[in-house]
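See below for model_12.txt, which holds compact mmCIF, C-alpha atoms.
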```txt
# COMPACT_ATOMS: atom_id res chain seq x y z
CA MET A 1 21.88 -0.20 10.31
CA ASP A 2 22.63 -1.72 13.75
CA ASP A 3 23.02 -5.33 14.86
CA GLY A 4 23.94 -4.32 18.40
CA GLY A 5 27.64 -4.27 17.49
CA SER A 6 28.27 -2.60 14.14
CA VAL A 7 26.46 -0.31 11.72
CA ILE A 8 26.61 0.45 8.03
CA GLU A 9 26.98 4.21 7.60
CA VAL A 10 26.05 5.25 4.06
CA ASP A 11 26.45 8.74 2.65
CA HIS A 12 27.35 10.56 -0.54
CA HIS A 13 28.12 13.99 -1.93
CA GLN A 14 27.52 15.48 -5.39
CA ALA A 15 28.22 18.52 -7.51
CA PRO A 16 26.68 19.12 -10.96
CA LYS A 17 28.69 20.09 -14.01
CA GLY A 18 29.29 23.82 -14.26
CA GLY A 19 26.28 25.62 -15.75
CA GLU A 20 23.87 22.76 -15.03
CA ALA A 21 21.13 23.01 -12.40
CA VAL A 22 20.71 19.23 -12.14
CA CYS A 23 23.36 16.58 -11.56
CA GLY A 24 23.52 13.88 -14.24
CA ASP A 25 24.70 11.38 -11.62
CA VAL A 26 22.13 9.75 -9.33
CA PHE A 27 22.79 8.14 -5.95
CA ARG A 28 20.08 6.07 -4.25
CA SER A 29 20.10 3.98 -1.06
CA CYS A 30 17.51 1.83 0.67
CA LYS A 31 17.16 -0.61 3.55
CA ILE A 32 15.55 -4.00 2.99
CA PRO A 33 13.08 -4.56 5.85
CA GLY A 34 13.61 -7.80 7.70
CA GLU A 35 16.87 -8.63 5.94
CA SER A 36 19.32 -6.21 7.63
CA ARG A 37 20.66 -5.12 4.24
CA VAL A 38 21.54 -1.71 2.87
CA ILE A 39 21.79 -1.27 -0.90
CA SER A 40 23.27 1.77 -2.65
CA VAL A 41 23.42 2.54 -6.36
CA LEU A 42 25.50 5.19 -8.12
CA SER A 43 24.40 5.71 -11.71
CA ASP A 44 26.10 8.09 -14.16
CA GLY A 45 23.97 9.27 -17.08
CA LEU A 46 25.79 9.95 -20.35
CA GLY A 47 26.41 13.65 -20.73
CA SER A 48 24.96 16.05 -18.20
CA GLY A 49 21.82 17.93 -17.22
CA ILE A 50 18.20 16.82 -17.24
CA LYS A 51 18.50 14.07 -19.86
CA ALA A 52 21.43 12.44 -18.09
CA SER A 53 19.61 12.70 -14.75
CA VAL A 54 16.46 11.06 -16.08
CA LEU A 55 18.35 8.10 -17.55
CA ALA A 56 20.52 7.74 -14.45
CA THR A 57 17.40 7.81 -12.27
CA LEU A 58 15.83 5.06 -14.36
CA THR A 59 18.98 2.96 -14.04
CA ALA A 60 19.32 3.50 -10.30
CA SER A 61 15.65 2.68 -9.69
CA MET A 62 15.84 -0.57 -11.64
CA ALA A 63 19.15 -1.56 -10.05
CA LEU A 64 17.78 -1.01 -6.54
CA LYS A 65 14.68 -3.05 -7.31
CA TYR A 66 16.56 -6.01 -8.78
CA ALA A 67 19.25 -6.01 -6.07
CA ALA A 68 16.60 -5.83 -3.33
CA HIS A 69 14.93 -8.96 -4.74
CA SER A 70 18.29 -10.74 -5.19
CA ILE A 71 17.63 -11.30 -8.89
CA ASP A 72 20.53 -12.92 -10.76
CA ILE A 73 23.23 -10.40 -11.67
CA ARG A 74 23.31 -11.33 -15.35
CA LYS A 75 19.56 -11.10 -15.72
CA SER A 76 19.39 -7.79 -13.85
CA ALA A 77 22.20 -6.23 -15.90
CA GLU A 78 20.68 -7.39 -19.19
CA ILE A 79 17.25 -5.98 -18.32
CA ILE A 80 18.79 -2.63 -17.42
CA MET A 81 20.85 -2.49 -20.61
CA ASP A 82 17.94 -3.64 -22.77
CA THR A 83 15.84 -0.83 -21.31
CA LEU A 84 18.36 1.96 -21.81
CA PRO A 85 19.02 3.48 -25.24
CA VAL A 86 22.48 3.27 -26.80
CA CYS A 87 24.47 6.29 -27.97
CA ARG A 88 24.65 6.15 -31.79
CA GLU A 89 28.13 7.66 -32.00
CA ARG A 90 29.89 6.03 -29.05
CA ARG A 91 27.88 2.77 -29.05
CA ILE A 92 27.64 2.72 -25.26
CA SER A 93 24.69 2.70 -22.89
CA TYR A 94 23.35 6.02 -21.76
CA SER A 95 24.02 5.14 -18.13
CA THR A 96 26.58 3.26 -16.04
CA PHE A 97 26.15 1.92 -12.51
CA THR A 98 27.79 0.66 -9.34
CA ILE A 99 25.71 -1.37 -6.86
CA VAL A 100 26.85 -2.01 -3.28
CA ASP A 101 24.69 -4.55 -1.43
CA MET A 102 25.79 -5.05 2.18
CA ASP A 103 24.35 -6.71 5.27
CA ARG A 104 24.87 -6.08 8.98
CA SER A 105 27.36 -8.93 9.33
CA GLY A 106 29.71 -7.11 6.95
CA ARG A 107 29.08 -9.29 3.89
CA ALA A 108 29.06 -7.18 0.71
CA ARG A 109 28.41 -7.71 -2.98
CA ILE A 110 29.60 -5.05 -5.42
CA ILE A 111 28.44 -4.99 -9.04
CA GLU A 112 30.08 -2.57 -11.47
CA HIS A 113 29.43 -1.53 -15.04
CA GLY A 114 31.21 1.40 -16.65
CA ASN A 115 32.02 3.45 -13.53
CA PRO A 116 35.55 3.81 -12.10
CA PRO A 117 36.53 0.80 -9.97
CA PHE A 118 35.53 1.02 -6.33
CA SER A 119 38.22 0.96 -3.65
CA PHE A 120 38.25 -1.08 -0.44
CA TRP A 121 39.90 0.41 2.66
CA SER A 122 40.87 -1.51 5.79
CA GLY A 123 43.05 -0.19 8.61
CA GLY A 124 43.37 3.10 6.73
CA ARG A 125 44.97 1.39 3.72
CA GLU A 126 43.63 0.37 0.34
CA VAL A 127 43.34 -3.41 0.03
CA PRO A 128 43.42 -5.12 -3.41
CA VAL A 129 40.31 -7.14 -4.23
CA GLU A 130 39.58 -10.00 -6.58
CA LYS A 131 36.85 -9.42 -9.15
CA GLU A 132 34.90 -11.82 -11.31
CA THR A 133 34.28 -10.69 -14.88
CA ILE A 134 30.78 -11.58 -16.06
CA HIS A 135 29.96 -11.70 -19.78
CA LEU A 136 26.42 -10.97 -20.90
CA PRO A 137 24.97 -13.17 -23.70
CA HIS A 138 22.98 -10.32 -25.27
CA TRP A 139 25.75 -7.73 -24.94
CA LYS A 140 29.04 -9.25 -26.09
CA ASP A 141 30.91 -5.96 -25.72
CA ARG A 142 29.68 -5.25 -22.18
CA LEU A 143 31.39 -6.54 -19.06
CA ILE A 144 30.14 -6.66 -15.48
CA GLN A 145 32.58 -6.83 -12.58
CA PHE A 146 31.37 -8.74 -9.52
CA THR A 147 33.08 -8.74 -6.12
CA ARG A 148 32.34 -10.37 -2.76
CA LEU A 149 33.85 -8.90 0.40
CA GLN A 150 33.76 -9.53 4.14
CA LEU A 151 34.17 -6.26 5.99
CA ARG A 152 35.43 -5.83 9.52
CA ARG A 153 34.67 -2.92 11.80
CA GLY A 154 36.47 0.18 10.48
CA ASP A 155 36.44 -0.91 6.81
CA ARG A 156 35.10 1.26 3.98
CA ILE A 157 33.94 0.88 0.40
CA VAL A 158 34.40 4.07 -1.67
CA PHE A 159 32.97 4.50 -5.17
CA ALA A 160 32.69 7.49 -7.51
CA SER A 161 31.61 8.63 -10.95
CA ASP A 162 34.18 9.31 -13.68
CA GLY A 163 33.82 13.06 -13.17
CA VAL A 164 35.85 12.54 -10.00
CA THR A 165 38.64 10.45 -11.53
CA GLN A 166 38.86 12.82 -14.52
CA ALA A 167 39.07 15.95 -12.39
CA GLY A 168 41.84 18.27 -13.54
CA THR A 169 41.69 17.09 -17.17
CA GLY A 170 43.58 19.45 -19.48
CA ARG A 171 46.03 20.77 -16.92
CA PRO A 172 49.73 20.46 -17.92
CA GLU A 173 50.48 18.28 -14.89
CA SER A 174 47.42 16.07 -15.42
CA PRO A 175 46.27 16.14 -19.06
CA THR A 176 43.87 13.22 -18.51
CA GLY A 177 42.92 14.11 -14.93
CA TRP A 178 44.23 12.95 -11.57
CA GLY A 179 42.91 9.43 -12.24
CA ASP A 180 42.27 6.60 -9.80
CA ALA A 181 45.74 6.96 -8.32
CA GLY A 182 45.33 10.66 -7.51
CA MET A 183 41.88 10.11 -6.01
CA ARG A 184 43.01 7.22 -3.83
CA ALA A 185 46.12 9.04 -2.68
CA ARG A 186 43.86 11.76 -1.28
CA ILE A 187 41.63 9.20 0.45
CA GLY A 188 44.64 7.49 2.02
CA GLY A 189 45.95 10.81 3.32
CA TRP A 190 42.64 11.76 4.92
CA LEU A 191 42.20 8.37 6.58
CA LYS A 192 45.74 8.50 7.93
CA ARG A 193 44.99 11.84 9.59
CA ASP A 194 41.54 10.79 10.81
CA PRO A 195 40.91 7.01 10.98
CA ALA A 196 37.31 7.67 12.15
CA LEU A 197 36.44 9.99 9.24
CA SER A 198 32.70 9.68 8.63
CA ALA A 199 31.15 8.57 5.34
CA ARG A 200 29.61 12.02 5.00
CA ASP A 201 32.90 13.87 5.49
CA LEU A 202 34.91 11.51 3.30
CA SER A 203 32.48 11.77 0.37
CA ARG A 204 32.29 15.55 0.72
CA ASP A 205 36.07 15.92 0.99
CA LEU A 206 36.60 13.89 -2.17
CA VAL A 207 34.10 15.87 -4.23
CA ASP A 208 35.46 19.18 -2.89
CA ALA A 209 38.99 18.08 -3.82
CA ALA A 210 37.81 17.18 -7.33
CA VAL A 211 36.20 20.62 -7.68
CA ALA A 212 39.48 22.20 -6.62
CA GLU A 213 41.37 19.99 -9.10
CA ASP A 214 39.07 21.37 -11.83
CA GLY A 215 39.97 24.90 -10.73
CA GLY A 216 36.40 25.41 -9.51
CA ARG A 217 34.94 25.03 -13.02
CA ILE A 218 33.52 21.48 -12.57
CA LEU A 219 33.97 19.93 -15.99
CA ASP A 220 31.67 16.96 -15.35
CA ASP A 221 29.14 15.77 -12.78
CA LEU A 222 30.86 14.66 -9.58
CA THR A 223 29.58 12.03 -7.13
CA CYS A 224 31.22 10.00 -4.39
CA GLY A 225 29.49 7.35 -2.25
CA VAL A 226 30.82 5.62 0.87
CA HIS A 227 29.81 2.55 2.89
CA TYR A 228 31.53 2.64 6.31
CA PHE A 229 31.22 -0.38 8.62
CA ARG A 230 31.81 0.70 12.20
CA GLU A 231 30.70 1.01 15.80
CA PRO A 232 27.26 2.68 16.08
CA ARG A 233 26.81 6.28 17.17
CA LYS A 234 23.75 6.51 19.40
CA LEU A 235 21.54 9.51 20.14
CA LEU A 236 18.70 9.99 22.62
CA VAL A 237 16.12 12.70 21.88
CA VAL A 238 13.76 13.49 24.78
CA THR A 239 10.72 15.68 24.31
CA GLY A 240 7.75 16.27 26.61
CA PRO A 241 7.30 15.45 30.32
CA PRO A 242 6.08 11.99 31.43
CA PHE A 243 2.31 11.46 31.69
CA GLU A 244 2.61 10.86 35.45
CA LYS A 245 4.59 13.40 37.43
CA SER A 246 5.83 10.55 39.63
CA ARG A 247 7.95 9.36 36.68
CA ASP A 248 9.92 12.61 36.35
CA ARG A 249 12.80 11.19 38.36
CA GLU A 250 12.79 8.05 36.16
CA LEU A 251 13.06 10.24 33.07
CA ALA A 252 16.10 12.02 34.51
CA ARG A 253 17.76 8.71 35.39
CA LEU A 254 17.18 7.37 31.88
CA VAL A 255 18.76 10.48 30.37
CA GLU A 256 21.73 10.29 32.72
CA ALA A 257 22.37 6.59 32.01
CA PHE A 258 22.04 6.71 28.20
CA PRO A 259 25.31 5.54 26.53
CA GLY A 260 25.53 8.12 23.76
CA ARG A 261 24.77 11.70 22.80
CA LYS A 262 21.68 13.37 24.25
CA ALA A 263 19.28 16.11 23.17
CA ILE A 264 16.37 17.53 25.16
CA CYS A 265 13.64 19.31 23.19
CA GLY A 266 11.27 21.28 25.40
CA GLY A 267 11.55 23.88 28.14
CA THR A 268 9.50 21.96 30.70
CA THR A 269 11.33 18.72 29.90
CA SER A 270 14.75 20.32 30.33
CA LEU A 271 13.74 21.85 33.68
CA ILE A 272 12.53 18.44 34.92
CA VAL A 273 15.82 16.77 34.01
CA ALA A 274 17.89 19.63 35.41
CA SER A 275 15.97 19.62 38.70
CA HIS A 276 16.44 15.91 39.35
CA LEU A 277 20.08 15.90 38.22
CA LYS A 278 20.88 19.04 40.24
CA ARG A 279 22.01 21.02 37.21
CA GLU A 280 21.35 24.43 35.71
CA VAL A 281 19.68 25.31 32.41
CA GLU A 282 21.53 28.32 31.02
CA PRO A 283 20.41 30.47 28.05
CA ARG A 284 22.48 30.09 24.90
CA ASP A 285 22.46 33.40 23.08
CA PRO A 286 22.67 34.20 20.28
CA PHE A 287 21.56 30.78 19.10
CA ALA A 288 18.23 31.16 17.31
CA ALA A 289 16.70 31.84 13.90
CA PRO A 290 13.40 33.27 12.61
CA GLY A 291 10.70 30.83 13.71
CA VAL A 292 13.14 28.81 15.84
CA PRO A 293 13.28 29.69 19.57
CA PRO A 294 16.72 30.00 21.17
CA GLY A 295 18.51 27.03 22.66
CA ALA A 296 20.08 26.51 26.07
CA ARG A 297 22.93 24.64 27.78
CA MET A 298 23.01 21.94 30.42
CA GLU A 299 25.95 20.00 31.77
CA GLY A 300 26.08 16.47 30.33
CA ILE A 301 23.56 17.22 27.56
CA ASP A 302 24.76 17.80 23.99
CA LEU A 303 21.84 20.01 22.97
CA VAL A 304 18.89 21.70 24.68
CA THR A 305 16.15 23.27 22.55
CA GLU A 306 12.53 24.35 22.63
CA GLY A 307 10.03 21.61 21.77
CA ASN A 308 7.47 21.46 18.98
CA LEU A 309 8.53 24.48 16.92
CA THR A 310 12.14 23.30 16.76
CA LEU A 311 11.15 19.69 16.00
CA ALA A 312 8.78 20.86 13.27
CA ARG A 313 11.57 22.90 11.70
CA VAL A 314 13.87 19.86 11.76
CA ALA A 315 11.19 17.78 10.02
CA SER A 316 10.97 20.44 7.32
CA LEU A 317 14.76 20.51 6.88
CA LEU A 318 14.73 16.72 6.43
CA GLU A 319 11.92 16.92 3.88
CA GLU A 320 13.83 19.61 1.98
CA ARG A 321 16.96 17.42 2.11
CA THR A 322 18.89 20.32 3.62
CA PRO A 323 22.47 19.26 4.40
CA PRO A 324 23.67 19.89 7.96
CA MET A 325 25.91 22.89 8.55
CA ASP A 326 29.48 22.46 9.78
CA ARG A 327 28.79 25.12 12.40
CA PRO A 328 25.03 25.15 13.08
CA ALA A 329 23.70 28.66 13.64
CA ASP A 330 20.45 27.72 15.40
CA PRO A 331 18.97 24.86 17.46
CA ALA A 332 17.12 23.27 14.53
CA GLN A 333 20.29 23.06 12.45
CA ALA A 334 22.18 21.72 15.47
CA LEU A 335 19.59 18.99 16.05
CA LEU A 336 19.65 18.11 12.34
CA ALA A 337 23.42 17.67 12.53
CA LEU A 338 23.09 15.44 15.61
CA LEU A 339 20.45 13.28 13.94
CA LEU A 340 22.34 12.84 10.67
CA GLY A 341 25.59 12.25 12.54
CA SER A 342 24.05 9.36 14.49
CA ASP A 343 23.12 5.82 13.47
CA VAL A 344 20.65 4.66 16.10
CA ILE A 345 18.26 7.36 17.32
CA SER A 346 15.99 6.72 20.31
CA PHE A 347 13.08 9.11 20.81
CA MET A 348 11.57 9.31 24.29
CA VAL A 349 8.23 11.13 24.04
CA GLY A 350 6.45 12.34 27.15
CA THR A 351 2.65 12.21 27.03
CA ARG A 352 1.74 14.81 29.65
CA MET A 353 -0.19 17.76 28.20
CA ASN A 354 0.95 21.29 28.91
CA GLU A 355 -2.07 22.87 30.59
CA ALA A 356 -0.55 26.32 30.29
CA HIS A 357 -0.83 26.11 26.52
CA GLN A 358 -4.26 24.62 25.91
CA ASP A 359 -7.48 23.16 27.18
CA PRO A 360 -6.58 19.70 28.58
CA SER A 361 -9.67 18.23 26.96
CA VAL A 362 -8.24 18.98 23.50
CA PRO A 363 -4.91 17.12 23.25
CA VAL A 364 -3.69 19.04 20.19
CA GLU A 365 -0.20 19.63 21.54
CA LEU A 366 0.24 15.97 22.45
CA ASP A 367 -0.87 14.81 19.01
CA LEU A 368 1.40 17.40 17.42
CA ARG A 369 4.42 16.21 19.40
CA ARG A 370 3.79 12.55 18.55
CA ASN A 371 3.17 13.25 14.88
CA ILE A 372 6.29 15.39 14.48
CA VAL A 373 8.47 12.73 16.08
CA ARG A 374 6.96 10.02 13.87
CA ARG A 375 7.50 12.24 10.84
CA ILE A 376 11.17 12.79 11.73
CA ALA A 377 11.71 9.08 12.41
CA ARG A 378 10.12 8.11 9.10
CA LEU A 379 12.33 10.55 7.15
CA LEU A 380 15.47 9.35 8.92
CA GLU A 381 14.61 5.72 8.13
CA LYS A 382 13.57 6.31 4.53
CA ASP A 383 16.06 8.89 3.29
CA HIS A 384 19.09 8.34 5.51
CA CYS A 385 19.05 4.61 6.40
CA LYS A 386 18.97 5.37 10.13
CA GLU A 387 17.62 3.07 12.83
CA THR A 388 14.98 4.76 15.00
CA GLN A 389 13.04 3.76 18.09
CA ILE A 390 10.15 5.63 19.74
CA ALA A 391 9.13 5.09 23.37
CA TYR A 392 6.40 6.90 25.29
CA LEU A 393 6.39 7.92 28.93
```

Output the file's structure as structure tokens, nothing else.
Amino acid sequence: MDDGGSVIEVDHHQAPKGGEAVCGDVFRSCKIPGESRVISVLSDGLGSGIKASVLATLTASMALKYAAHSIDIRKSAEIIMDTLPVCRERRISYSTFTIVDMDRSGRARIIEHGNPPFSFWSGGREVPVEKETIHLPHWKDRLIQFTRLQLRRGDRIVFASDGVTQAGTGRPESPTGWGDAGMRARIGGWLKRDPALSARDLSRDLVDAAVAEDGGRILDDLTCGVHYFREPRKLLVVTGPPFEKSRDRELARLVEAFPGRKAICGGTTSLIVASHLKREVEPRDPFAAPGVPPGARMEGIDLVTEGNLTLARVASLLEERTPPMDRPADPAQALLALLLGSDVISFMVGTRMNEAHQDPSVPVELDLRRNIVRRIARLLEKDHCKETQIAYL
């Protein structure tokens, strides 16, 4: 989420318990329209598998709803706990939760019940925080921890399920797992080496380290979530030539002047930009996949691809929630990585029809291009908390 100066990057990574097809932890995020807030919930269902996932999903859904409407913490927590069943043997709720509610000015509220304590990182170091303990009238044995924070650019909030803190349980050197201290020592080491480590990479690194600590067996569901308050990463995606040929030069100037990463999707579009910027479009082989035409290279442009087929494939990857590859093997995967690695994505959509492909009186290609871009933008907004803008030329 962007206020023109800073963004809230939110991401998470998960791994289910060994032998389970479904993770019993649930992570959900949403933006609150008009309020410049991003809310994330990590819920850990008791046990593992389908039953744990269902109860964690119920908890996360309720927590998001109540947090979004700024309902009193005590009331929200009591409703959630009243709704969930209680384990007969252990006398605890079937799901725990951590809620992080943050706005674009850096103000954050964190509400915790049952999960490991979150950690706050500033300047690459963990900073102690003060927490308010809230007692619930209907649940005398349940405590809620409430924290208010003011983040500055570069600060992070990291939170995880107990599968992470208990990683390595049973090993001679860590009979009860590596604990909070072991987890935070890893985080501190990574941030020291890379102060700009993304939320995506930090959450993935922590879960991967926990898997390694378990010897690859994964003894419990693992989830890590990160809120990272930082300078925005901007991306321009250009597809289709301008409606009026006289605006081709304007398109090239806009691409050249954009203060961020740039992708051009479309052969005709890339040739227009290259011509006016006096550059070459060079084939990039092998860089293709079945159903995805090969990409190309151009000086000053981060990615050059074919148009509608590649964009349609990216939309499908987003709908399938396919994670980006570390080393993308084709243009669609490369564009997916650019999109998910950016915070503010500007789409510039040309409205000239390609007469070589169709009858100009039937604007199917134009409608297809517009619809695919809208579909991608909607998925980025809804599922990944990105800011998107669409302009037409």

query = Within 6 Å of Tyr228 in chain A, counting all atoms listed in the file, which residues qualify if same-chain residues fewer than 3 places away don't, as a PyMOL selection string?
reply = chain A and resi 8-9+156

As a PDB file with C-alpha atoms, keeping the file's coordinate frame, please: the residues near Glu244 in chain A (cut-off 9 Å, all atoms listed in the file, same-chain neighbours under 2 positions excluded).
```pdb
ATOM      1  CA  PRO A 241       7.300  15.450  30.320  1.00  0.00           C
ATOM      2  CA  PRO A 242       6.080  11.990  31.430  1.00  0.00           C
ATOM      3  CA  SER A 246       5.830  10.550  39.630  1.00  0.00           C
ATOM      4  CA  ARG A 247       7.950   9.360  36.680  1.00  0.00           C
ATOM      5  CA  ASP A 248       9.920  12.610  36.350  1.00  0.00           C
ATOM      6  CA  THR A 351       2.650  12.210  27.030  1.00  0.00           C
ATOM      7  CA  ARG A 352       1.740  14.810  29.650  1.00  0.00           C
ATOM      8  CA  LEU A 393       6.390   7.920  28.930  1.00  0.00           C
TER       9      LEU A 393
END
```

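Look at range 14-18 of chain A: the protein and nucleic acid residues within 8 Å of it, using all atoms listed in the file and passing over chain neighbours fewer than 3 places away, are A:Ala21, A:Val22, A:Cys23, A:Gly24, A:Asp25, A:Ser48, A:Gly49, A:Arg204, A:Val207, A:Arg217, A:Ile218, A:Leu219, A:Asp220, A:Asp221, A:Leu222, A:Thr223, A:Cys224.
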
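A straight line drawn from CA of Leu303 in chain A to CA of Ile264 in chain A is 6.4 Å long.
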
Practice problem: Please return, as a VMD selection string, all polymer residues that have at least one atom within 7 Å of the point (47.1, 2.8, 5.7); use all atoms listed in the file and the file's own coordinate frame. | Solution: chain A and resid 123 to 126 188 192

Taking 6 positions as the minimum chain separation for residues in the same chain, which residues sit within 8 Å of range 103-108 of chain A when counting all atoms listed in the file? Answer as an NGL selection string.
:A and (1-3 or 6-8 or 35-38 or 148-152 or 229)

CA of Pro116 in chain A sits from CA of Lys140 in chain A at a separation of 20.2 Å

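With CA of Ile79 in chain A on one side and CA of Leu136 in chain A on the other, the separation reads 10.8 Å.
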
TODO: Might you pull out every residue within 8 Å of Ser40 in chain A, with all atoms listed in the file counted and same-chain residues fewer than 6 positions away left off, and present them as a ChimeraX atom specification?
DONE: /A:27-30,64,99-101

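Nearest residue to Val158 in chain A, choosing from A:Leu206, A:Ala391, A:Met325, A:Ile134 and counting all atoms listed in the file: A:Leu206.
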
Residue with the minimum atom-to-atom distance to Gly114 in chain A, picked from A:Pro286, A:Asp44, A:Lys131, A:Glu213 with all atoms listed in the file counted, is A:Asp44

Practice task
For a cut-off of 10 Å around (13.8, 23.8, 14.1), file coordinates, pick out all residues using all atoms listed in the file and list them as a ChimeraX atom specification.
Solution key: /A:288-294,305-317,330-336

Selection from above, C-alpha atoms, as a PDB file, in the frame of the given file, can you write it?
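After the write, out.pdb holds the following:
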```pdb
ATOM      1  CA  ALA A 288      18.230  31.160  17.310  1.00  0.00           C
ATOM      2  CA  ALA A 289      16.700  31.840  13.900  1.00  0.00           C
ATOM      3  CA  PRO A 290      13.400  33.270  12.610  1.00  0.00           C
ATOM      4  CA  GLY A 291      10.700  30.830  13.710  1.00  0.00           C
ATOM      5  CA  VAL A 292      13.140  28.810  15.840  1.00  0.00           C
ATOM      6  CA  PRO A 293      13.280  29.690  19.570  1.00  0.00           C
ATOM      7  CA  PRO A 294      16.720  30.000  21.170  1.00  0.00           C
ATOM      8  CA  THR A 305      16.150  23.270  22.550  1.00  0.00           C
ATOM      9  CA  GLU A 306      12.530  24.350  22.630  1.00  0.00           C
ATOM     10  CA  GLY A 307      10.030  21.610  21.770  1.00  0.00           C
ATOM     11  CA  ASN A 308       7.470  21.460  18.980  1.00  0.00           C
ATOM     12  CA  LEU A 309       8.530  24.480  16.920  1.00  0.00           C
ATOM     13  CA  THR A 310      12.140  23.300  16.760  1.00  0.00           C
ATOM     14  CA  LEU A 311      11.150  19.690  16.000  1.00  0.00           C
ATOM     15  CA  ALA A 312       8.780  20.860  13.270  1.00  0.00           C
ATOM     16  CA  ARG A 313      11.570  22.900  11.700  1.00  0.00           C
ATOM     17  CA  VAL A 314      13.870  19.860  11.760  1.00  0.00           C
ATOM     18  CA  ALA A 315      11.190  17.780  10.020  1.00  0.00           C
ATOM     19  CA  SER A 316      10.970  20.440   7.320  1.00  0.00           C
ATOM     20  CA  LEU A 317      14.760  20.510   6.880  1.00  0.00           C
ATOM     21  CA  ASP A 330      20.450  27.720  15.400  1.00  0.00           C
ATOM     22  CA  PRO A 331      18.970  24.860  17.460  1.00  0.00           C
ATOM     23  CA  ALA A 332      17.120  23.270  14.530  1.00  0.00           C
ATOM     24  CA  GLN A 333      20.290  23.060  12.450  1.00  0.00           C
ATOM     25  CA  ALA A 334      22.180  21.720  15.470  1.00  0.00           C
ATOM     26  CA  LEU A 335      19.590  18.990  16.050  1.00  0.00           C
ATOM     27  CA  LEU A 336      19.650  18.110  12.340  1.00  0.00           C
TER      28      LEU A 336
END
```

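Counting all atoms listed in the file, the residue from A:Arg249, A:Gly168, A:Thr96, A:Ala329 that sits nearest to Gly215 in chain A is A:Gly168.
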
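Proximity to Asp201 in chain A was assessed for A:Leu277, A:Val226, A:Ile345, A:Ile50 counting all atoms listed in the file; the smallest distance is recorded for A:Val226.
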
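Minimum atom-to-atom distance to Gly170 in chain A, evaluated using only C-alpha atoms, belongs to A:Asp214 out of A:Glu280, A:Asp155, A:Asp214, A:Asp205.
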
Please write a file for range 270-282 of chain A, taken from the block I just shared, that holds C-alpha atoms and is laid out as a compact mmCIF listing (two decimals), in the first residue's frame.
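Okay, decode.txt is ready:
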```txt
# COMPACT_ATOMS: atom_id res chain seq x y z
CA SER A 270 8.33 -3.15 -28.17
CA LEU A 271 9.26 -2.20 -31.75
CA ILE A 272 7.58 1.21 -31.33
CA VAL A 273 9.51 1.94 -28.14
CA ALA A 274 12.78 0.63 -29.58
CA SER A 275 12.40 2.72 -32.75
CA HIS A 276 11.85 6.00 -30.92
CA LEU A 277 14.54 5.31 -28.31
CA LYS A 278 17.04 4.18 -30.97
CA ARG A 279 17.48 0.73 -29.46
CA GLU A 280 17.45 -2.87 -30.65
CA VAL A 281 15.01 -5.65 -29.78
CA GLU A 282 17.04 -8.85 -29.56
```
